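Trainee: My structure is in protein25.txt, and what it holds is compact mmCIF, C-alpha atoms:
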# COMPACT_ATOMS: atom_id res chain seq x y z
CA MET Z 8 173.25 -0.49 156.23
CA THR Z 9 170.36 1.29 154.45
CA ALA Z 10 168.63 4.38 155.84
CA THR Z 11 165.77 2.28 157.19
CA GLU Z 12 167.94 -0.26 159.02
CA LEU Z 13 168.88 0.18 162.66
CA PRO Z 14 172.52 0.52 163.70
CA ALA Z 15 173.64 -2.72 165.35
CA GLU Z 16 174.33 -0.99 168.69
CA ILE Z 17 170.68 0.14 168.84
CA GLU Z 18 169.30 -3.18 167.57
CA ALA Z 19 171.15 -4.82 170.48
CA LEU Z 20 169.33 -2.61 173.00
CA ILE Z 21 165.84 -3.76 171.98
CA GLY Z 22 164.46 -6.02 174.69
CA LYS Z 23 167.48 -5.48 176.94
CA VAL Z 24 166.86 -4.60 180.60
CA GLN Z 25 168.62 -1.32 181.46
CA TYR Z 26 168.93 1.09 184.38
CA GLU Z 27 167.55 -1.20 187.05
CA GLU Z 28 167.34 0.88 190.23
CA SER Z 29 165.42 1.27 193.48
CA GLY Z 30 163.40 4.27 194.61
CA GLU Z 31 165.22 6.57 197.03
CA PHE Z 32 162.69 6.11 199.84
CA PRO Z 33 159.92 3.66 200.79
CA VAL Z 34 156.34 4.41 199.76
CA GLU Z 35 154.84 6.63 202.45
CA ARG Z 36 151.46 7.98 203.38
CA GLY Z 37 152.38 11.67 203.54
CA TYR Z 38 152.85 11.75 199.78
CA ILE Z 39 149.66 9.73 199.30
CA TRP Z 40 147.62 12.31 201.23
CA THR Z 41 149.38 15.26 199.54
CA SER Z 42 148.63 13.77 196.13
CA CYS Z 43 144.96 13.11 196.98
CA SER Z 44 144.71 16.63 198.38
CA SER Z 45 146.21 18.13 195.21
CA VAL Z 46 143.30 16.78 193.13
CA GLU Z 47 140.66 16.79 195.90
CA ASN Z 48 140.36 13.00 195.70
CA GLY Z 49 138.05 11.98 198.55
CA ASN Z 50 138.16 8.22 197.84
CA LEU Z 51 137.97 6.77 201.37
CA ILE Z 52 140.32 3.87 200.60
CA PHE Z 53 143.11 6.48 200.93
CA TRP Z 54 141.73 8.39 203.93
CA ASP Z 55 139.97 5.85 206.17
CA ASP Z 56 141.81 2.74 207.40
CA ASP Z 57 138.58 0.83 208.08
CA VAL Z 58 137.47 1.32 204.49
CA ALA Z 59 140.97 0.47 203.23
CA ARG Z 60 140.91 -2.78 205.24
CA GLU Z 61 137.49 -3.71 203.88
CA VAL Z 62 138.12 -2.85 200.22
CA THR Z 63 141.85 -3.15 199.54
CA GLY Z 64 143.12 -5.27 202.45
CA GLY Z 65 144.82 -2.24 204.06
CA PRO Z 66 146.16 1.11 202.90
CA ILE Z 67 147.36 1.48 199.33
CA ALA Z 68 148.69 4.32 197.18
CA PRO Z 69 146.59 5.72 194.34
CA PRO Z 70 147.56 3.66 191.28
CA THR Z 71 148.40 6.77 189.24
CA MET Z 72 151.16 7.63 191.77
CA LEU Z 73 153.27 4.82 190.25
CA SER Z 74 155.99 7.09 188.85
CA VAL Z 75 156.14 9.20 192.04
CA TRP Z 76 158.03 6.45 193.90
CA PHE Z 77 160.75 6.40 191.26
CA ARG Z 78 161.48 10.13 190.90
CA PRO Z 79 164.80 11.03 192.50
CA HIS Z 80 165.21 13.74 195.14
CA ASN Z 81 166.11 17.12 193.65
CA TRP Z 82 169.28 16.97 195.75
CA ALA Z 83 170.84 14.16 197.76
CA PRO Z 84 174.20 13.85 199.52
CA TRP Z 85 175.13 10.72 197.57
CA ARG Z 86 175.17 12.21 194.08
CA ASP Z 87 176.46 15.31 192.33
CA THR Z 88 173.91 15.72 189.58
CA PRO Z 89 170.14 15.35 189.50
CA GLY Z 90 169.03 11.92 188.25
CA LEU Z 91 167.31 11.87 184.86
CA PRO Z 92 164.17 9.77 184.64
CA LEU Z 93 163.76 7.72 181.43
CA GLN Z 94 167.46 7.68 180.63
CA VAL Z 95 166.94 5.34 177.63
CA HIS Z 96 165.06 8.15 175.88
CA PHE Z 97 168.01 10.52 176.29
CA ASP Z 98 170.43 7.79 175.24
CA LEU Z 99 168.52 7.29 171.98
CA LYS Z 100 168.56 11.01 171.19
CA GLU Z 101 172.31 10.91 171.66
CA LEU Z 102 172.87 7.69 169.69
CA PHE Z 103 170.84 8.92 166.71
CA GLY Z 104 172.22 12.47 166.98
CA LEU Z 105 168.70 13.92 167.16
CA PRO Z 106 168.63 17.26 168.99
CA GLU Z 107 164.90 17.46 169.76
CA ALA Z 108 162.44 15.00 171.27
CA VAL Z 109 158.85 14.91 172.45
CA MET Z 110 156.68 12.30 174.15
CA THR Z 111 153.58 11.56 172.11
CA ASP Z 112 151.80 8.81 174.06
CA ASN Z 113 151.93 7.45 177.57
CA THR Z 114 150.17 4.26 178.70
CA ILE Z 115 150.14 2.99 182.30
CA VAL Z 116 149.06 -0.53 183.23
CA PHE Z 117 148.35 -1.20 186.91
CA HIS Z 118 149.06 -4.60 188.48
CA GLU Z 119 149.45 -5.38 192.23
CA PRO Z 120 148.59 -2.38 194.45
CA VAL Z 121 151.46 -0.30 195.85
CA ARG Z 122 151.37 -0.13 199.67
CA PRO Z 123 153.01 2.11 202.29
CA GLY Z 124 156.44 0.68 203.16
CA ASP Z 125 156.99 -0.84 199.71
CA VAL Z 126 160.34 -0.21 198.05
CA ILE Z 127 159.80 0.05 194.32
CA THR Z 128 162.41 -1.03 191.79
CA THR Z 129 162.29 0.15 188.20
CA ARG Z 130 163.89 -0.98 184.99
CA GLN Z 131 163.76 0.39 181.47
CA ILE Z 132 163.35 -1.71 178.33
CA LEU Z 133 163.47 -0.38 174.77
CA GLN Z 134 160.64 -2.15 172.92
CA SER Z 135 160.90 -0.80 169.39
CA VAL Z 136 162.40 1.87 167.12
CA SER Z 137 160.69 2.95 163.89
CA GLU Z 138 162.29 3.58 160.54
CA PRO Z 139 162.92 7.26 159.77
CA LYS Z 140 159.70 9.30 159.58
CA THR Z 141 158.88 12.90 158.75
CA THR Z 142 156.16 14.71 160.71
CA LYS Z 143 155.25 18.39 160.97
CA LEU Z 144 157.92 18.68 163.70
CA GLY Z 145 160.77 17.36 161.58
CA THR Z 146 162.45 14.11 160.55
CA GLY Z 147 163.44 11.44 163.04
CA ARG Z 148 162.33 8.19 164.60
CA PHE Z 149 159.64 7.02 167.00
CA TRP Z 150 160.59 4.70 169.84
CA VAL Z 151 158.66 2.87 172.57
CA ILE Z 152 160.22 2.47 176.01
CA ASP Z 153 158.66 0.42 178.83
CA VAL Z 154 159.36 1.19 182.46
CA GLU Z 155 158.55 -1.81 184.67
CA TYR Z 156 157.90 -1.35 188.38
CA HIS Z 157 158.28 -4.18 190.90
CA ASN Z 158 157.91 -4.22 194.69
CA GLN Z 159 160.40 -5.65 197.20
CA ASP Z 160 158.81 -9.11 196.86
CA GLY Z 161 159.38 -9.12 193.11
CA ALA Z 162 155.68 -8.64 192.27
CA LEU Z 163 154.95 -6.53 189.22
CA VAL Z 164 153.06 -3.40 190.32
CA GLY Z 165 152.87 -1.59 186.98
CA VAL Z 166 154.27 -0.88 183.55
CA GLU Z 167 154.48 2.50 181.87
CA SER Z 168 155.00 2.67 178.11
CA TYR Z 169 156.24 5.88 176.57
CA THR Z 170 156.25 6.64 172.85
CA GLY Z 171 158.90 9.24 172.05
CA PHE Z 172 159.72 10.99 168.80
CA GLY Z 173 163.33 12.13 168.44
CA TYR Z 174 163.81 14.51 165.51
CA ARG Z 175 165.71 17.23 163.75
CA LYS Z 176 163.73 20.29 162.65
CA ALA Z 177 163.39 20.77 158.88
CA GLY Z 178 166.25 22.87 157.49
CA GLU Z 179 168.50 22.41 160.54
CA PRO Z 180 171.82 20.61 160.14
CA MET N 12 134.16 1.32 212.22
CA THR N 13 133.42 3.08 208.95
CA ALA N 14 131.73 0.99 206.26
CA ALA N 15 132.84 1.49 202.68
CA PRO N 16 130.50 3.70 200.65
CA ALA N 17 128.50 1.96 197.93
CA SER N 18 130.25 1.26 194.63
CA ARG N 19 128.79 1.18 191.15
CA THR N 20 128.38 -2.35 189.75
CA ILE N 21 128.73 -3.22 186.08
CA ALA N 22 124.91 -3.36 185.81
CA ALA N 23 124.88 0.41 186.40
CA ALA N 24 127.18 1.13 183.44
CA GLU N 25 125.69 1.67 180.00
CA GLN N 26 127.50 1.61 176.66
CA GLY N 27 127.52 5.14 175.25
CA GLY N 28 126.54 6.57 178.64
CA SER N 29 128.20 9.67 180.05
CA LEU N 30 129.93 10.30 183.35
CA PRO N 31 129.01 13.50 185.22
CA GLU N 32 131.16 16.50 184.25
CA LEU N 33 133.84 17.77 186.59
CA VAL N 34 134.51 21.51 186.36
CA TYR N 35 137.49 22.98 188.22
CA ASP N 36 139.08 26.44 188.31
CA VAL N 37 142.84 25.96 188.03
CA THR N 38 145.13 28.30 190.00
CA ALA N 39 148.92 28.54 190.26
CA THR N 40 148.54 26.63 193.55
CA THR N 41 146.79 23.77 191.69
CA ILE N 42 149.74 23.48 189.29
CA VAL N 43 152.53 23.83 191.87
CA LEU N 44 150.92 21.60 194.50
CA GLY N 45 150.23 18.96 191.83
CA ALA N 46 153.79 19.01 190.51
CA LEU N 47 155.40 18.78 193.95
CA ALA N 48 152.97 16.05 195.09
CA ALA N 49 154.22 14.09 192.05
CA ARG N 50 157.88 14.86 192.94
CA ASP N 51 158.30 16.68 189.64
CA TRP N 52 160.81 19.45 190.34
CA ARG N 53 161.16 20.71 186.78
CA PRO N 54 160.91 24.53 186.74
CA MET N 55 158.22 24.87 184.05
CA HIS N 56 155.72 23.61 186.61
CA HIS N 57 156.50 26.24 189.27
CA ASP N 58 158.68 29.04 187.81
CA TYR N 59 156.72 31.53 185.67
CA ASP N 60 159.86 33.21 184.32
CA PHE N 61 161.37 29.88 183.22
CA ALA N 62 158.10 28.66 181.64
CA VAL N 63 157.56 31.86 179.67
CA HIS N 64 161.10 32.85 178.73
CA ARG N 65 162.80 29.46 178.39
CA ASN N 66 159.97 27.14 177.36
CA GLY N 67 158.02 29.73 175.41
CA THR N 68 154.70 28.77 177.02
CA ASP N 69 152.07 31.22 178.29
CA ASN N 70 152.56 30.35 181.96
CA ILE N 71 153.53 27.46 184.23
CA PHE N 72 151.50 24.39 183.22
CA MET N 73 150.07 21.22 184.75
CA ASN N 74 152.40 18.19 184.55
CA THR N 75 151.36 14.80 183.20
CA PRO N 76 151.48 12.77 186.46
CA ASN N 77 149.20 15.32 188.13
CA GLN N 78 146.80 15.10 185.18
CA ALA N 79 146.81 11.32 185.69
CA ALA N 80 145.83 11.90 189.33
CA TRP N 81 142.96 14.17 188.18
CA PHE N 82 141.76 11.50 185.74
CA GLU N 83 141.90 8.86 188.51
CA ARG N 84 139.88 11.08 190.85
CA TYR N 85 137.33 11.74 188.09
CA LEU N 86 136.86 8.03 187.37
CA THR N 87 136.68 6.84 190.97
CA ASP N 88 134.28 9.66 191.95
CA TRP N 89 131.97 7.89 189.50
CA SER N 90 132.82 4.24 190.30
CA GLY N 91 133.11 4.38 194.07
CA PRO N 92 135.93 2.75 196.06
CA LYS N 93 135.71 -0.73 194.52
CA GLY N 94 136.40 0.66 191.05
CA ARG N 95 139.95 -0.48 190.19
CA LEU N 96 141.96 1.06 187.39
CA GLY N 97 143.51 -1.39 184.95
CA ARG N 98 145.12 0.90 182.40
CA MET N 99 145.19 4.47 181.15
CA LYS N 100 146.43 5.81 177.84
CA PHE N 101 147.09 9.54 177.51
CA ARG N 102 147.54 11.79 174.55
CA MET N 103 148.57 15.38 175.13
CA ALA N 104 147.30 18.06 172.77
CA GLY N 105 147.79 21.26 174.78
CA SER N 106 148.64 22.69 178.20
CA VAL N 107 146.56 23.62 181.24
CA PHE N 108 147.50 26.96 182.82
CA PRO N 109 146.56 28.95 185.95
CA GLY N 110 143.31 30.82 185.27
CA ASP N 111 141.92 28.03 183.07
CA THR N 112 138.63 26.39 183.94
CA MET N 113 139.13 22.73 183.12
CA THR N 114 136.23 20.44 182.36
CA MET N 115 136.41 16.66 182.32
CA ARG N 116 133.87 14.70 180.31
CA GLY N 117 133.74 10.92 180.02
CA THR N 118 131.88 8.54 177.73
CA ILE N 119 131.64 4.76 178.13
CA THR N 120 132.92 3.23 174.89
CA ASP N 121 133.01 -0.46 175.83
CA ILE N 122 131.71 -2.90 178.45
CA ALA N 123 133.25 -6.37 178.65
CA THR N 124 133.82 -9.40 180.87
CA ASP N 125 137.18 -11.12 180.63
CA GLN N 126 137.97 -14.87 180.85
CA THR N 127 138.32 -14.67 184.64
CA GLY N 128 134.85 -13.12 185.06
CA CYS N 129 136.18 -9.63 185.79
CA SER N 130 133.88 -6.85 184.52
CA TRP N 131 135.46 -3.91 182.70
CA VAL N 132 134.35 -0.59 181.30
CA THR N 133 136.39 1.51 178.91
CA VAL N 134 135.89 5.25 179.34
CA ALA N 135 137.08 7.94 176.93
CA VAL N 136 137.79 11.04 179.03
CA ARG N 137 138.49 14.49 177.62
CA LEU N 138 140.09 17.29 179.58
CA GLU N 139 138.92 20.52 177.94
CA VAL N 140 139.53 24.23 178.46
CA ASP N 141 137.14 26.63 176.69
CA GLY N 142 136.04 23.77 174.42
CA ASP N 143 139.60 22.88 173.35
CA VAL N 144 140.68 19.33 174.15
CA LYS N 145 143.98 19.52 176.09
CA THR N 146 144.40 15.84 176.98
CA THR N 147 142.53 12.67 176.16
CA CYS N 148 142.64 9.62 178.40
CA GLU N 149 141.30 6.20 177.50
CA ALA N 150 140.86 4.34 180.77
CA ARG N 151 139.95 0.73 181.50
CA ILE N 152 138.45 0.32 184.95
CA ALA N 153 137.14 -2.83 186.64
CA LEU N 154 133.77 -2.60 188.39
CA PRO N 155 132.19 -5.21 190.68
CA SER N 156 130.18 -7.79 188.71
CA THR N 157 127.71 -8.03 191.62
CA PRO N 158 127.33 -6.02 194.86
CA ASP N 159 129.42 -8.68 196.67
CA ASP N 160 132.23 -8.74 194.10
CA ASN N 161 135.40 -6.70 194.63
CA PRO N 162 137.98 -6.24 191.82
CA TRP N 163 140.63 -5.39 194.45
CA SER N 164 140.51 -9.03 195.66
CA ARG N 165 141.99 -10.17 192.33
CA HIS N 166 145.69 -11.06 192.14
CA GLY N 167 148.09 -12.83 189.78
CA ASP N 168 146.39 -14.54 186.83
CA ASP N 169 142.96 -13.35 188.01
CA TRP N 170 143.90 -9.72 187.33
CA ARG N 171 144.36 -9.00 183.62
CA PRO N 172 144.51 -5.26 183.18
Starting from the file, give its structure as structure tokens.
Mentor:
Amino acid sequence: MTATELPAEIEALIGKVQYEESGEFPVERGYIWTSCSSVENGNLIFWDDDVAREVTGGPIAPPTMLSVWFRPHNWAPWRDTPGLPLQVHFDLKELFGLPEAVMTDNTIVFHEPVRPGDVITTRQILQSVSEPKTTKLGTGRFWVIDVEYHNQDGALVGVESYTGFGYRKAGEP
Amino acid sequence: MTAAPASRTIAAAEQGGSLPELVYDVTATTIVLGALAARDWRPMHHDYDFAVHRNGTDNIFMNTPNQAAWFERYLTDWSGPKGRLGRMKFRMAGSVFPGDTMTMRGTITDIATDQTGCSWVTVAVRLEVDGDVKTTCEARIALPSTPDDNPWSRHGDDWRP
């Protein structure tokens, strides 16, 4: 293997569906109103059921709340440690032995609307890993991870793509 | 029964045109409320001591999902309720802290109609503090093609975000 080639165990992860899991509670309106309140979003499709019926066929969640439905409780009786979102990112740091990492880009694509009562399932897919690169932060690799969100009927509601850069600072072992 | 407020149609969007500015004074409550509304429990968004002494930042700072919610609000204030977001791409350059006055500015960089007849505008939005760009967001939002059109009625192959 040359320095630019990917280890076989990482090559095998590209395109593979990982960490498929369901949100810990159904989509609910309390969070929708708290989120709208936090940014003073007065869009009536979230506040007025008549307007929601007319425009969106009933109440929906703000599209940008997509990741909210996936974030685990800070504590829950059924697990000992807090869940880590975007586990594939942390796996790659570990597999490459890169101590530092940052997210550089984040794209969200919105498909079917998310509605109160929906149970959202997520899955993570590694899309690509770059050859080694050196930036002002250090030397490492860029990777792109997609998180796909589906509702309980199997409809795609959104896809988030994260570009991460795992690296080692210059001069550090 | 409440009728939906008017929405902007694609005819009212102009390439190179600007969206009205949004200016907002950020407080610690803005940051903490935004983080908890997004179910983001990480301490740098609510614990000053952790943010300053562990993360090395100047203060607690606004998290990305809450910034996304601010961008959505900014765009739909302009579009009206029928405006439907298709995609957003963010790039972070700096942090937003309590005491900052944030300003959002948007410019229309593209207007297009896709194969299904859906009308789209692309807006480049900048979130600035004291003239420094903290986050950029390129957003693609569908607007009604005519007053009777509604992008929210599109599903499946008719919705190509």
Trainee: Neighbouring residues of Ser74 (chain Z) were defined as those with any atom within 10 Å, considering only C-alpha atoms; residues of the same chain fewer than 2 positions away were excluded. Please report them as a list in words.
Mentor: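 Result of the neighbour search: Gly30, Pro70, Thr71, Met72, Trp76, Phe77, Arg78, Pro92, Ile115, Ile127, Thr129, Val154, Tyr156, Gly165, Val166 and Glu167 of chain Z; Ala49, Arg50, Asp51 and Pro76 of chain N.
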Trainee: What are the residues of chain Z that have an atom within 6 Å of an atom of chain N, counting only C-alpha atoms, as a short mmCIF file (atom, residue, chain, number, x, y, z; two decimals) with C-alpha atoms, in the frame of the given file?
Mentor:
data_model
loop_
_atom_site.label_atom_id
_atom_site.label_comp_id
_atom_site.auth_asym_id
_atom_site.auth_seq_id
_atom_site.Cartn_x
_atom_site.Cartn_y
_atom_site.Cartn_z
CA THR Z 41 149.38 15.26 199.54
CA SER Z 42 148.63 13.77 196.13
CA SER Z 45 146.21 18.13 195.21
CA VAL Z 46 143.30 16.78 193.13
CA ASN Z 48 140.36 13.00 195.70
CA ASP Z 57 138.58 0.83 208.08
CA VAL Z 58 137.47 1.32 204.49
CA THR Z 63 141.85 -3.15 199.54
CA THR Z 71 148.40 6.77 189.24
CA VAL Z 75 156.14 9.20 192.04
CA ASP Z 112 151.80 8.81 174.06
CA ASN Z 113 151.93 7.45 177.57
CA THR Z 114 150.17 4.26 178.70
CA ILE Z 115 150.14 2.99 182.30
CA VAL Z 116 149.06 -0.53 183.23
CA PHE Z 117 148.35 -1.20 186.91
#
Trainee: Could you jot down the CA of Val126 (chain Z) to CA of Pro33 (chain Z) separation for me, Å, one decimal place?
Mentor: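 CA of Pro33 (chain Z) lies at a distance of 4.8 Å from CA of Val126 (chain Z).
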Trainee: Would you list the contacts of Thr68 (chain N) as an NGL selection string, taking every protein, DNA or RNA residue within 12 Å and counting all atoms listed in the file, but skipping same-chain residues closer than 2 positions in sequence?
Mentor: :N and (55-56 or 58-66 or 70-73 or 105-108)
Trainee: Tell me, in Å to one decimal, how far CA of Ala17 (chain N) is from CA of Gly64 (chain Z).
Mentor: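 Straight-line distance from CA of Ala17 (chain N) to CA of Gly64 (chain Z) works out to 16.9 Å.
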Trainee: Give the answer as one residue: which of Z:Asn50, Z:Ala83, Z:Gly147, Z:Tyr169 has the shortest atom-to-atom distance to Val62 (chain Z), using all atoms listed in the file?
Mentor: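 Distance minimum relative to Val62 (chain Z) lands on Z:Asn50.
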Trainee: Would you pick out the contacts of Gly104 (chain Z) at 10 Å or less, using all atoms listed in the file, so that residues sharing its chain but fewer than 4 positions from it are not included, and give the list as a list in words?
Mentor: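 Near Gly104 (chain Z), the qualifying residues are Asp98, Leu99, Lys100, Gly147, Gly173, Tyr174 and Arg175 of chain Z.
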Trainee: Counting only C-alpha atoms, what is within 10 Å of Ala22 (chain N), bar same-chain residues fewer than 5 positions away, as a VMD selection string?
Mentor: chain N and resid 130 154 to 158
Trainee: For those residues, write C-alpha atoms to a file as an mmCIF file, in the frame of the given file.
Mentor:
data_model
loop_
_atom_site.group_PDB
_atom_site.id
_atom_site.type_symbol
_atom_site.label_atom_id
_atom_site.label_comp_id
_atom_site.auth_asym_id
_atom_site.auth_seq_id
_atom_site.Cartn_x
_atom_site.Cartn_y
_atom_site.Cartn_z
ATOM 1 C CA SER N 130 133.880 -6.850 184.520
ATOM 2 C CA LEU N 154 133.770 -2.600 188.390
ATOM 3 C CA PRO N 155 132.190 -5.210 190.680
ATOM 4 C CA SER N 156 130.180 -7.790 188.710
ATOM 5 C CA THR N 157 127.710 -8.030 191.620
ATOM 6 C CA PRO N 158 127.330 -6.020 194.860
#
Trainee: Work out how far CA of Arg148 (chain Z) is from CA of Gly171 (chain Z), in Å to one decimal.
Mentor: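 It comes out at 8.3 Å.
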Trainee: How would region 53-78 of chain Z look with N, CA and C atoms restored, written as a compact mmCIF listing (two decimals), in the frame of the given file?
Mentor:
# COMPACT_ATOMS: atom_id res chain seq x y z
N PHE Z 53 141.84 5.80 200.62
CA PHE Z 53 143.11 6.48 200.93
C PHE Z 53 143.06 7.25 202.25
N TRP Z 54 141.87 7.51 202.77
CA TRP Z 54 141.73 8.39 203.93
C TRP Z 54 141.24 7.67 205.18
N ASP Z 55 140.62 6.51 205.03
CA ASP Z 55 139.97 5.85 206.17
C ASP Z 55 140.47 4.40 206.24
N ASP Z 56 141.18 4.07 207.31
CA ASP Z 56 141.81 2.74 207.40
C ASP Z 56 140.79 1.60 207.47
N ASP Z 57 139.60 1.88 208.05
CA ASP Z 57 138.58 0.83 208.08
C ASP Z 57 138.12 0.49 206.67
N VAL Z 58 137.90 1.54 205.88
CA VAL Z 58 137.47 1.32 204.49
C VAL Z 58 138.59 0.65 203.69
N ALA Z 59 139.83 1.08 203.93
CA ALA Z 59 140.97 0.47 203.23
C ALA Z 59 141.06 -1.02 203.56
N ARG Z 60 140.86 -1.36 204.84
CA ARG Z 60 140.91 -2.78 205.24
C ARG Z 60 139.83 -3.58 204.52
N GLU Z 61 138.63 -3.00 204.48
CA GLU Z 61 137.49 -3.71 203.88
C GLU Z 61 137.65 -3.88 202.36
N VAL Z 62 138.14 -2.84 201.69
CA VAL Z 62 138.12 -2.85 200.22
C VAL Z 62 139.45 -3.35 199.64
N THR Z 63 140.55 -2.87 200.18
CA THR Z 63 141.85 -3.15 199.54
C THR Z 63 142.80 -3.93 200.46
N GLY Z 64 142.27 -4.47 201.57
CA GLY Z 64 143.12 -5.27 202.45
C GLY Z 64 144.17 -4.44 203.16
N GLY Z 65 143.88 -3.16 203.40
CA GLY Z 65 144.82 -2.24 204.06
C GLY Z 65 145.16 -1.09 203.14
N PRO Z 66 145.88 -0.10 203.69
CA PRO Z 66 146.16 1.11 202.90
C PRO Z 66 146.96 0.82 201.63
N ILE Z 67 146.61 1.54 200.58
CA ILE Z 67 147.36 1.48 199.33
C ILE Z 67 147.61 2.90 198.83
N ALA Z 68 148.47 3.03 197.84
CA ALA Z 68 148.69 4.32 197.18
C ALA Z 68 147.77 4.40 195.97
N PRO Z 69 147.34 5.60 195.59
CA PRO Z 69 146.59 5.72 194.34
C PRO Z 69 147.41 5.13 193.19
N PRO Z 70 146.80 4.28 192.36
CA PRO Z 70 147.56 3.66 191.28
C PRO Z 70 148.34 4.66 190.42
N THR Z 71 147.72 5.82 190.14
CA THR Z 71 148.40 6.77 189.24
C THR Z 71 149.63 7.40 189.88
N MET Z 72 149.91 7.11 191.16
CA MET Z 72 151.16 7.63 191.77
C MET Z 72 152.37 6.78 191.41
N LEU Z 73 152.19 5.77 190.56
CA LEU Z 73 153.27 4.82 190.25
C LEU Z 73 154.63 5.50 190.04
N SER Z 74 154.69 6.50 189.18
CA SER Z 74 155.99 7.09 188.85
C SER Z 74 156.55 7.95 189.97
N VAL Z 75 155.69 8.32 190.93
CA VAL Z 75 156.14 9.20 192.04
C VAL Z 75 157.25 8.51 192.85
N TRP Z 76 157.11 7.18 193.02
CA TRP Z 76 158.03 6.45 193.90
C TRP Z 76 159.40 6.25 193.26
N PHE Z 77 159.52 6.62 192.02
CA PHE Z 77 160.75 6.40 191.26
C PHE Z 77 161.50 7.72 191.07
N ARG Z 78 160.81 8.86 191.21
CA ARG Z 78 161.48 10.13 190.90
C ARG Z 78 162.50 10.47 191.96
